[in-house]
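Coordinates from upload_7.cif are shown below (mmCIF, C-alpha atoms and all ligand atoms).
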data_input
loop_
_atom_site.label_atom_id
_atom_site.label_comp_id
_atom_site.auth_asym_id
_atom_site.auth_seq_id
_atom_site.Cartn_x
_atom_site.Cartn_y
_atom_site.Cartn_z
CA MET M 1 0.00 0.00 0.00
CA ILE M 2 1.08 3.55 -0.74
CA SER M 3 0.98 6.04 2.08
CA THR M 4 -0.29 9.56 1.68
CA ALA M 5 2.28 10.55 4.19
CA TYR M 6 5.02 9.41 1.86
CA ALA M 7 4.00 11.78 -0.86
CA ARG M 8 3.49 14.66 1.48
CA TRP M 9 6.26 14.45 4.02
CA THR M 10 9.21 12.78 2.35
CA PRO M 11 9.35 12.89 -1.43
CA ASP M 12 12.84 11.38 -1.52
CA PRO M 13 12.52 7.58 -1.92
CA ALA M 14 15.58 6.76 0.19
CA ALA M 15 14.35 8.99 2.99
CA ARG M 16 10.90 7.42 2.77
CA GLN M 17 12.42 4.00 3.25
CA ARG M 18 14.40 5.08 6.27
CA VAL M 19 11.44 6.80 7.89
CA ALA M 20 9.14 3.87 7.23
CA SER M 21 11.59 1.47 8.86
CA HIS M 22 11.19 3.44 12.08
CA ILE M 23 7.46 2.97 12.29
CA VAL M 24 6.50 -0.21 14.04
CA GLU M 25 2.93 -1.38 14.34
CA HIS M 26 1.18 -2.98 17.26
CA GLU M 27 -2.23 -4.42 17.64
CA GLY M 28 -4.30 -2.69 20.29
CA ASP M 29 -7.41 -0.83 21.16
CA GLU M 30 -6.08 2.67 21.69
CA LEU M 31 -4.89 5.20 19.20
CA ARG M 32 -1.59 6.34 20.67
CA LEU M 33 2.11 6.71 19.94
CA TRP M 34 5.23 6.05 21.91
CA VAL M 35 8.96 5.73 21.30
CA GLU M 36 10.81 2.57 22.31
CA ASP M 37 14.06 0.95 21.17
CA GLY M 38 14.66 3.70 18.63
CA ALA M 39 11.37 3.26 16.84
CA VAL M 40 7.98 4.92 16.84
CA HIS M 41 5.31 2.48 17.95
CA THR M 42 1.64 2.88 17.18
CA ALA M 43 -1.05 1.15 19.17
CA LEU M 44 -2.89 0.17 16.02
CA PRO M 45 -2.01 -1.46 12.69
CA TRP M 46 -1.14 1.90 11.15
CA TRP M 47 -0.77 1.02 7.47
CA GLU M 48 -3.92 -1.03 7.55
CA PHE M 49 -5.78 1.77 9.30
CA GLU M 50 -4.62 4.36 6.79
CA ARG M 51 -5.36 2.13 3.81
CA ARG M 52 -8.83 1.25 4.99
CA THR M 53 -9.67 4.85 5.84
CA LEU M 54 -8.44 6.67 2.76
CA LEU M 55 -9.80 4.07 0.35
CA GLU M 56 -13.13 3.96 2.20
CA THR M 57 -13.24 0.21 2.43
CA GLY M 58 -16.49 0.52 4.40
CA LEU M 59 -18.27 2.24 1.52
CA PRO M 60 -21.41 0.34 0.43
CA THR M 61 -20.67 -1.55 -2.78
CA GLN M 62 -24.25 -1.57 -4.05
CA GLN M 63 -25.33 0.99 -6.56
CA PRO M 64 -27.46 3.76 -5.00
CA THR M 65 -31.17 3.03 -5.50
CA TYR M 66 -32.01 6.23 -7.37
CA SER M 67 -29.41 5.51 -10.08
CA ARG M 68 -30.93 2.04 -10.72
CA SER M 69 -34.34 3.44 -11.55
CA VAL M 70 -35.51 3.30 -15.16
CA ILE M 71 -36.70 6.87 -14.75
CA PRO M 72 -33.67 9.20 -14.55
CA TYR M 73 -33.60 11.26 -11.35
CA THR M 74 -33.61 14.41 -13.50
CA ALA M 75 -37.19 13.61 -14.59
CA ILE M 76 -38.28 14.85 -11.14
CA PRO M 77 -38.37 18.67 -10.91
CA PHE M 78 -35.49 20.10 -8.87
CA THR M 79 -37.64 21.60 -6.08
CA LEU M 80 -39.53 18.37 -5.51
CA ARG M 81 -36.29 16.41 -5.65
CA ALA M 82 -34.74 18.65 -2.97
CA ARG M 83 -37.84 18.16 -0.79
CA LEU M 84 -37.66 14.37 -1.20
CA ASN M 85 -33.94 14.49 -0.45
CA ARG M 86 -34.56 16.38 2.80
CA VAL M 87 -36.97 13.63 3.91
CA ARG M 88 -34.51 10.92 2.84
CA ILE M 89 -31.57 12.55 4.65
CA ALA M 90 -33.60 13.09 7.84
CA ALA M 91 -34.52 9.37 7.77
CA LEU M 92 -30.90 8.36 7.15
CA ARG M 93 -29.79 10.48 10.09
CA ARG M 94 -32.41 8.87 12.37
CA ARG M 95 -31.64 5.31 11.30
CA SER M 96 -27.85 5.54 11.34
CA GLU M 97 -25.74 4.23 14.17
CA ASP M 98 -23.50 7.21 13.80
CA SER M 99 -19.86 6.78 14.79
CA GLY M 100 -19.17 10.47 14.15
CA PHE M 101 -16.21 9.53 11.96
CA PRO M 102 -15.19 11.16 9.69
CA ALA M 103 -16.24 14.26 11.64
CA ASP M 104 -18.19 17.04 9.99
CA PRO M 105 -17.72 19.57 8.60
CA VAL M 106 -14.06 18.49 8.36
CA GLU M 107 -12.22 15.50 9.83
CA THR M 108 -8.78 16.61 11.00
CA GLY M 109 -7.81 13.79 13.38
CA VAL M 110 -6.26 11.52 10.76
CA ASP M 111 -4.13 14.34 9.35
CA ARG M 112 -3.03 15.45 12.82
CA PHE M 113 -2.13 11.93 13.81
CA ARG M 114 -0.24 11.31 10.58
CA GLU M 115 1.80 14.47 10.97
CA SER M 116 2.64 13.61 14.56
CA LEU M 117 3.64 10.08 13.58
CA TRP M 118 5.83 11.15 10.69
CA THR M 119 7.46 14.02 12.59
CA GLN M 120 8.57 11.67 15.34
CA ALA M 121 9.64 8.96 12.94
CA ALA M 122 11.62 11.38 10.78
CA GLU M 123 13.43 12.71 13.85
CA LEU M 124 14.44 9.19 14.78
CA ALA M 125 15.55 8.47 11.24
CA GLY M 126 17.50 11.73 11.03
CA VAL M 127 15.64 12.72 7.90
CA PRO M 128 14.32 16.22 7.30
CA LEU M 129 10.63 16.35 6.55
CA HIS M 130 9.42 17.67 3.24
CA ALA M 131 7.71 21.00 3.78
CA PRO M 132 5.20 21.30 0.95
CA GLU M 133 4.22 24.78 -0.11
CA THR M 134 0.53 24.19 0.42
CA ALA M 135 -0.09 26.70 3.21
CA ARG M 136 -3.62 28.14 2.97
CA THR M 137 -4.17 26.73 -0.49
CA LEU M 138 -7.69 27.13 -1.87
CA VAL M 139 -8.89 25.28 -4.97
CA LEU M 140 -12.12 26.56 -6.57
CA THR M 141 -14.16 24.07 -8.59
CA HIS M 142 -17.49 24.19 -10.43
CA ASP M 143 -19.23 21.08 -11.73
CA VAL M 144 -21.46 21.89 -14.70
CA ASP M 145 -24.06 19.19 -14.02
CA GLU M 146 -26.56 20.29 -16.68
CA GLU M 147 -26.81 22.55 -19.69
CA TYR M 148 -29.14 24.80 -17.69
CA GLY M 149 -26.15 25.79 -15.58
CA TRP M 150 -24.04 27.16 -18.42
CA PRO M 151 -25.04 30.87 -17.91
CA GLY M 152 -24.08 30.46 -14.23
CA ILE M 153 -20.46 30.08 -15.31
CA GLU M 154 -20.24 33.75 -16.26
CA THR M 155 -21.87 34.75 -12.94
CA LEU M 156 -19.14 32.89 -11.06
CA ARG M 157 -16.33 34.05 -13.34
CA ARG M 158 -17.35 37.70 -12.92
CA ILE M 159 -16.91 37.38 -9.15
CA GLU M 160 -13.59 35.58 -9.59
CA ARG M 161 -12.27 38.09 -12.15
CA ASP M 162 -13.12 40.95 -9.77
CA LEU M 163 -10.95 39.27 -7.16
CA GLY M 164 -8.21 38.15 -9.57
CA VAL M 165 -8.61 34.37 -9.15
CA ALA M 166 -9.17 31.38 -11.45
CA SER M 167 -11.14 28.15 -11.03
CA ALA M 168 -11.68 24.69 -12.50
CA PHE M 169 -14.80 23.52 -14.36
CA GLY M 170 -16.08 19.93 -14.53
CA VAL M 171 -17.75 19.21 -17.86
CA LEU M 172 -19.85 16.22 -18.99
CA SER M 173 -19.55 14.56 -22.40
CA GLN M 174 -22.95 12.90 -22.99
CA ARG M 175 -25.68 14.63 -20.96
CA TYR M 176 -24.98 17.79 -22.96
CA THR M 177 -22.33 18.88 -25.43
CA ALA M 178 -20.42 22.05 -24.69
CA ALA M 179 -18.83 24.05 -27.50
CA GLU M 180 -15.11 23.35 -27.61
CA ARG M 181 -14.43 27.06 -28.14
CA ASP M 182 -16.18 27.77 -24.80
CA LEU M 183 -13.95 25.26 -23.03
CA GLN M 184 -10.87 26.73 -24.71
CA ALA M 185 -12.03 30.23 -23.71
CA LEU M 186 -12.09 29.15 -20.04
CA ILE M 187 -8.56 27.77 -20.34
CA ASP M 188 -7.38 30.93 -22.14
CA ASP M 189 -8.93 32.90 -19.26
CA GLY M 190 -6.55 31.10 -16.88
CA CYS M 191 -9.02 28.43 -15.73
CA GLU M 192 -8.84 24.63 -15.86
CA VAL M 193 -11.29 22.16 -17.40
CA PHE M 194 -11.67 18.62 -16.06
CA SER M 195 -13.99 15.75 -16.95
CA HIS M 196 -17.11 15.34 -14.81
CA GLY M 197 -17.92 12.08 -16.59
CA TYR M 198 -20.57 11.00 -19.04
CA LEU M 199 -24.24 11.28 -17.95
CA HIS M 200 -24.18 12.27 -14.28
CA ASP M 201 -26.47 9.32 -13.54
CA GLY M 202 -24.49 7.78 -10.67
CA THR M 203 -23.72 4.55 -12.55
CA LEU M 204 -20.03 4.91 -13.58
CA ALA M 205 -18.73 3.31 -10.39
CA PHE M 206 -20.71 0.11 -11.01
CA LEU M 207 -20.24 -0.46 -14.74
CA PRO M 208 -18.17 -3.28 -16.26
CA ALA M 209 -14.62 -2.01 -16.89
CA ASP M 210 -15.00 -1.95 -20.70
CA GLU M 211 -18.14 0.18 -20.62
CA LEU M 212 -16.63 2.49 -18.01
CA ARG M 213 -13.49 2.83 -20.15
CA ARG M 214 -15.61 3.72 -23.20
CA ARG M 215 -17.53 6.39 -21.26
CA LEU M 216 -14.34 7.97 -19.88
CA HIS M 217 -12.62 8.09 -23.30
CA HIS M 218 -15.85 9.53 -24.74
CA PHE M 219 -14.87 12.91 -23.27
CA PHE M 220 -11.93 13.18 -25.69
CA GLU M 221 -14.00 11.95 -28.64
CA VAL M 222 -16.53 14.74 -28.07
CA TYR M 223 -13.88 17.35 -27.19
CA PRO M 224 -10.75 16.24 -29.12
CA SER M 225 -9.01 19.60 -28.61
CA MET M 226 -9.05 18.90 -24.85
CA ARG M 227 -6.56 16.04 -25.25
CA GLY M 228 -3.44 16.98 -23.31
CA GLN M 229 -5.26 19.90 -21.67
CA VAL M 230 -7.73 17.95 -19.51
CA ARG M 231 -5.94 15.73 -16.99
CA GLY M 232 -8.38 15.58 -14.09
CA PHE M 233 -11.66 13.80 -13.36
CA ARG M 234 -14.48 13.98 -10.81
CA ALA M 235 -17.32 11.42 -10.82
CA GLY M 236 -20.89 12.73 -11.00
CA GLN M 237 -22.53 13.07 -7.55
CA LEU M 238 -19.23 11.79 -6.10
CA VAL M 239 -20.49 8.22 -6.58
CA ARG M 240 -17.33 6.15 -6.36
CA SER M 241 -15.81 2.67 -6.05
CA ARG M 242 -12.29 1.30 -5.97
CA SER M 243 -12.84 -0.58 -9.22
CA MET M 244 -13.89 2.69 -10.87
CA PHE M 245 -10.65 4.37 -9.79
CA GLU M 246 -8.63 1.57 -11.36
CA VAL M 247 -10.03 2.54 -14.80
CA VAL M 248 -9.95 6.29 -14.09
CA ALA M 249 -6.19 5.87 -13.50
CA GLU M 250 -5.80 4.64 -17.10
CA VAL M 251 -7.37 7.76 -18.59
CA PHE M 252 -6.65 10.65 -16.20
CA ASP M 253 -3.68 11.86 -14.14
CA TYR M 254 -5.64 12.77 -11.01
CA ASP M 255 -9.07 12.58 -9.46
CA LEU M 256 -11.17 15.09 -7.49
CA THR M 257 -13.94 12.70 -6.35
CA PRO M 258 -13.64 11.60 -2.70
CA PRO M 259 -15.08 14.04 -0.17
CA THR M 260 -13.26 14.34 3.16
CA VAL M 261 -16.68 13.89 4.72
CA GLU M 262 -20.16 13.78 3.22
CA LEU M 263 -23.43 13.51 5.15
CA GLY M 264 -26.47 12.19 3.32
CA GLY M 265 -24.81 11.72 -0.06
CA PRO M 266 -25.60 8.91 -2.52
CA HIS M 267 -23.61 6.37 -0.47
CA GLY M 268 -25.53 6.91 2.78
CA TRP M 269 -25.48 8.89 5.96
CA ARG M 270 -21.77 9.46 6.73
CA THR M 271 -18.94 8.69 4.29
CA GLY M 272 -15.60 10.20 3.26
CA CYS M 273 -11.87 9.57 2.94
CA ALA M 274 -11.18 11.46 6.21
CA THR M 275 -8.13 13.32 4.93
CA THR M 276 -7.71 16.89 3.65
CA ILE M 277 -4.39 16.09 2.01
CA PRO M 278 -3.92 14.75 -1.55
CA PHE M 279 -3.08 11.06 -1.59
CA VAL M 280 -2.16 8.33 -4.05
CA ASP M 281 -4.27 5.17 -4.10
CA GLU M 282 -3.49 1.50 -4.71
CA HIS M 283 -3.74 2.02 -8.50
CA GLY M 284 -1.29 4.94 -8.49
CA LEU M 285 -4.11 7.47 -9.01
CA ALA M 286 -3.69 10.76 -7.15
CA HIS M 287 -6.79 12.08 -5.36
CA LEU M 288 -7.47 15.67 -4.34
CA PRO M 289 -10.23 15.37 -1.70
CA LEU M 290 -13.23 17.72 -1.74
CA THR M 291 -12.83 19.28 1.69
CA LEU M 292 -15.46 22.04 2.06
CA PRO M 293 -19.25 21.54 2.51
CA GLN M 294 -21.07 21.42 -0.83
CA ASP M 295 -23.31 24.27 -1.95
CA TYR M 296 -26.24 21.88 -2.57
CA PHE M 297 -26.47 20.70 1.06
CA LEU M 298 -26.04 24.18 2.54
CA ALA M 299 -28.51 25.89 0.20
CA PHE M 300 -31.16 23.23 -0.49
CA ILE M 301 -31.01 20.76 2.42
CA ASP M 302 -30.03 22.98 5.37
CA ARG M 303 -31.49 26.06 3.63
CA LEU M 304 -29.04 28.53 5.17
CA ARG M 305 -28.79 32.26 4.51
CA PRO M 306 -25.92 33.52 2.28
CA ASP M 307 -23.95 34.90 5.24
CA GLU M 308 -24.35 31.57 7.07
CA ILE M 309 -23.18 29.66 4.00
CA ALA M 310 -20.11 31.90 3.62
CA ARG M 311 -19.35 31.42 7.32
CA ARG M 312 -19.60 27.59 7.04
CA TRP M 313 -17.18 27.61 4.11
CA LEU M 314 -14.68 29.87 5.84
CA ASP M 315 -14.77 27.93 9.12
CA ALA M 316 -14.22 24.67 7.23
CA ALA M 317 -11.35 26.20 5.22
CA GLU M 318 -9.66 27.33 8.46
CA ALA M 319 -10.00 23.81 9.86
CA VAL M 320 -8.44 22.35 6.69
CA TRP M 321 -5.57 24.84 6.76
CA SER M 322 -4.94 24.18 10.46
CA VAL M 323 -3.73 20.68 9.54
CA GLY M 324 -1.84 21.76 6.40
CA GLY M 325 -4.58 20.47 4.09
CA THR M 326 -5.74 21.84 0.76
CA ALA M 327 -9.15 23.56 0.90
CA VAL M 328 -11.19 22.42 -2.09
CA HIS M 329 -14.45 24.26 -2.73
CA LEU M 330 -17.36 23.33 -5.01
CA VAL M 331 -20.20 25.56 -6.14
CA HIS M 332 -22.40 24.58 -9.07
CA PRO M 333 -23.27 27.07 -11.85
CA ASP M 334 -26.77 25.53 -12.07
CA ASN M 335 -27.36 26.05 -8.33
CA VAL M 336 -26.21 29.66 -8.62
CA ARG M 337 -28.79 30.15 -11.36
CA ARG M 338 -31.52 28.56 -9.22
CA ARG M 339 -30.60 30.50 -6.12
CA PRO M 340 -28.70 33.73 -6.89
CA ALA M 341 -28.06 34.19 -3.15
CA LEU M 342 -25.43 31.46 -3.57
CA ALA M 343 -23.42 33.83 -5.78
CA ALA M 344 -23.52 36.41 -2.98
CA ALA M 345 -22.37 33.75 -0.50
CA TYR M 346 -19.55 32.79 -2.87
CA ARG M 347 -18.36 36.39 -3.22
CA THR M 348 -18.39 36.93 0.56
CA PHE M 349 -16.54 33.67 1.14
CA LEU M 350 -13.89 34.47 -1.49
CA GLU M 351 -13.32 38.01 -0.20
CA GLN M 352 -12.96 36.80 3.38
CA ALA M 353 -10.76 33.85 2.42
CA LEU M 354 -8.41 36.09 0.41
CA ASP M 355 -8.30 38.57 3.32
CA ALA M 356 -7.35 35.62 5.52
CA GLY M 357 -4.38 34.82 3.26
CA ALA M 358 -5.86 32.13 0.98
CA ARG M 359 -3.74 31.30 -2.05
CA VAL M 360 -5.92 30.19 -4.94
CA ARG M 361 -4.47 27.48 -7.17
CA LEU M 362 -5.81 25.17 -9.85
CA PRO M 363 -6.04 21.40 -9.33
CA HIS M 364 -3.24 20.66 -11.79
CA GLN M 365 -0.94 23.12 -9.97
CA VAL M 366 -1.64 21.48 -6.61
CA MET M 367 -1.21 17.98 -7.96
CA ALA M 368 2.07 18.83 -9.73
CA ALA M 369 3.53 20.39 -6.58
CA ASP M 370 2.17 18.04 -3.95
CA LEU M 371 2.75 14.77 -5.72
CA PRO M 372 6.02 15.19 -7.63
CA SER M 373 6.22 11.48 -8.33
CA ALA M 374 4.05 8.49 -7.60
CA PRO M 375 5.49 6.93 -4.44
CA GLU M 376 6.38 3.27 -4.59
CA PRO M 377 4.23 0.77 -2.72
CA THR M 378 5.39 -0.46 0.65
ZN ZN T 401 -22.02 16.92 -10.47
#

Take the structure I supplied and represent it as structure tokens, if you would.
Ligand SMILES: [Zn+2]
Amino acid sequence: MISTAYARWTPDPAARQRVASHIVEHEGDELRLWVEDGAVHTALPWWEFERRTLLETGLPTQQPTYSRSVIPYTAIPFTLRARLNRVRIAALRRRSEDSGFPADPVETGVDRFRESLWTQAAELAGVPLHAPETARTLVLTHDVDEEYGWPGIETLRRIERDLGVASAFGVLSQRYTAAERDLQALIDDGCEVFSHGYLHDGTLAFLPADELRRRLHHFFEVYPSMRGQVRGFRAGQLVRSRSMFEVVAEVFDYDLTPPTVELGGPHGWRTGCATTIPFVDEHGLAHLPLTLPQDYFLAFIDRLRPDEIARRWLDAAEAVWSVGGTAVHLVHPDNVRRRPALAAAYRTFLEQALDAGARVRLPHQVMAADLPSAPEPT
């Protein structure tokens, strides 16, 4: 298994080996660290814990019910769908035996523990830790889930241009067809385009590999000029599986799918990879976790005011930055069109984040800097 910590803390392979040799695992009930006989001991099987957590081995493997229906979910009007979703989420919350992990709005315990572990181990190994330049990094993303949302792009870009920042747009290849010149215009404007998949129907993660492969390559058949320019992917509705990521790794350089924590998403009450730091999975695919609460839940499930939404985003960003994570934000152009107050919340959040020292970067910039080379498996 590949450790996130490897990529983040010690990019030099020889140093990684030396640090790793100083971490000794123990079976036990408690999560704690101590130093004995020149090695850092953990009272849990650390590598197993990290692997299981980041790869979400507890994620349900069945396809979400709504994506199995013969009637596409989009056949239900948005307002009714949001109302049904509020009922569904309230029921999920009541029925769940909630462990509280990963914590919401942001889980920071895993990242804190990892840093503590690697700091101590590196000291023992006499190896300096890699200090990545990710302080207060903010990544702005916008998934264009439907054609209806296209005018919302300009609304968001106007705010960003006023504040001198750029963002990344997730585009579908089958549900609608964007004009290639519009995608190129976003890139020429300093933005990034990534693939948001094929139909946004929540099925990609459960398809046979050949059909999944066809749907992922479809993006470059529809938008051939994006070859070499589009390197990232995020699955529609964040519906994910480990077998999906194996095929995604063949087509894309990095992935933006796993949320650090998600409550009431397609996979159930509480899910998430529990880290705010980019990591490389068992297939060598680099993931940039979605760390901030999504616009949809704040605006249409919790129905918060714009100032409350901006406050939730900023508080979560501060929590991410406090553990050296990368704050990744998502606001949908279609949601901004449906509820213009979201644009006001976005502007407030961006202004306050920039005042607080946020450094806005694109996904490809973060992934190039944070993951200079795919670490070798242990
Ligand atoms: Zn989406």

| Which residues sit within 8 Å of ligand ZN 401 (chain T), counting only C-alpha atoms and all ligand atoms, listed as a list of chain:residue names? | M:Asp143, M:Val144, M:Asp145, M:Gly170, M:His196, M:His200, M:Ala235, M:Gly236, M:Gln237, M:Leu238, M:His332

Sorted by chain and rising residue number, which residues of segment 88-187 of chain M lie within 10 Å of segment 278-292 of chain M, and what are their closest atom pairs and distances in Å to one decimal, counting only C-alpha atoms, as JSON lines?
{"residue": "M:Asp104", "atom": "CA", "partner": "M:Leu292", "partner_atom": "CA", "distance": 9.8}
{"residue": "M:Pro105", "atom": "CA", "partner": "M:Leu292", "partner_atom": "CA", "distance": 7.3}
{"residue": "M:Val106", "atom": "CA", "partner": "M:Thr291", "partner_atom": "CA", "distance": 6.8}
{"residue": "M:Glu107", "atom": "CA", "partner": "M:Thr291", "partner_atom": "CA", "distance": 9.0}
{"residue": "M:Val139", "atom": "CA", "partner": "M:Leu290", "partner_atom": "CA", "distance": 9.3}
{"residue": "M:Thr141", "atom": "CA", "partner": "M:Leu290", "partner_atom": "CA", "distance": 9.4}

| Any idea what the distance is between atom CA of Leu124 of chain M and atom CA of Arg136 of chain M? | 28.7 Å

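With only C-alpha atoms as the atoms that count, the residue of M:Leu256, M:Val248, M:Leu342, M:Ala209 with the shortest distance to Thr326 of chain M is M:Leu256.
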
| request: Identify the residues around (-21.3, 37.4, 7.3) within a radius of 9 Å, measuring from all atoms listed in the file in the coordinates stated by the file, and give them as a ChimeraX atom specification. | output: /M:306-311,345,348-349

| With only C-alpha atoms as the basis for distance, which of M:Pro208, M:Gly232, M:Pro64, M:Pro224 is at the shortest distance from Glu180 of chain M? | M:Pro224

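Put simply, atom CA of Arg361 of chain M is 9.4 Å away from atom CA of Ala168 of chain M.
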
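Each of M:Asp188, M:Asp111, M:Asp355, M:Asp295 was checked against Leu54 of chain M using all atoms listed in the file; the smallest atom-to-atom distance is that of M:Asp111.
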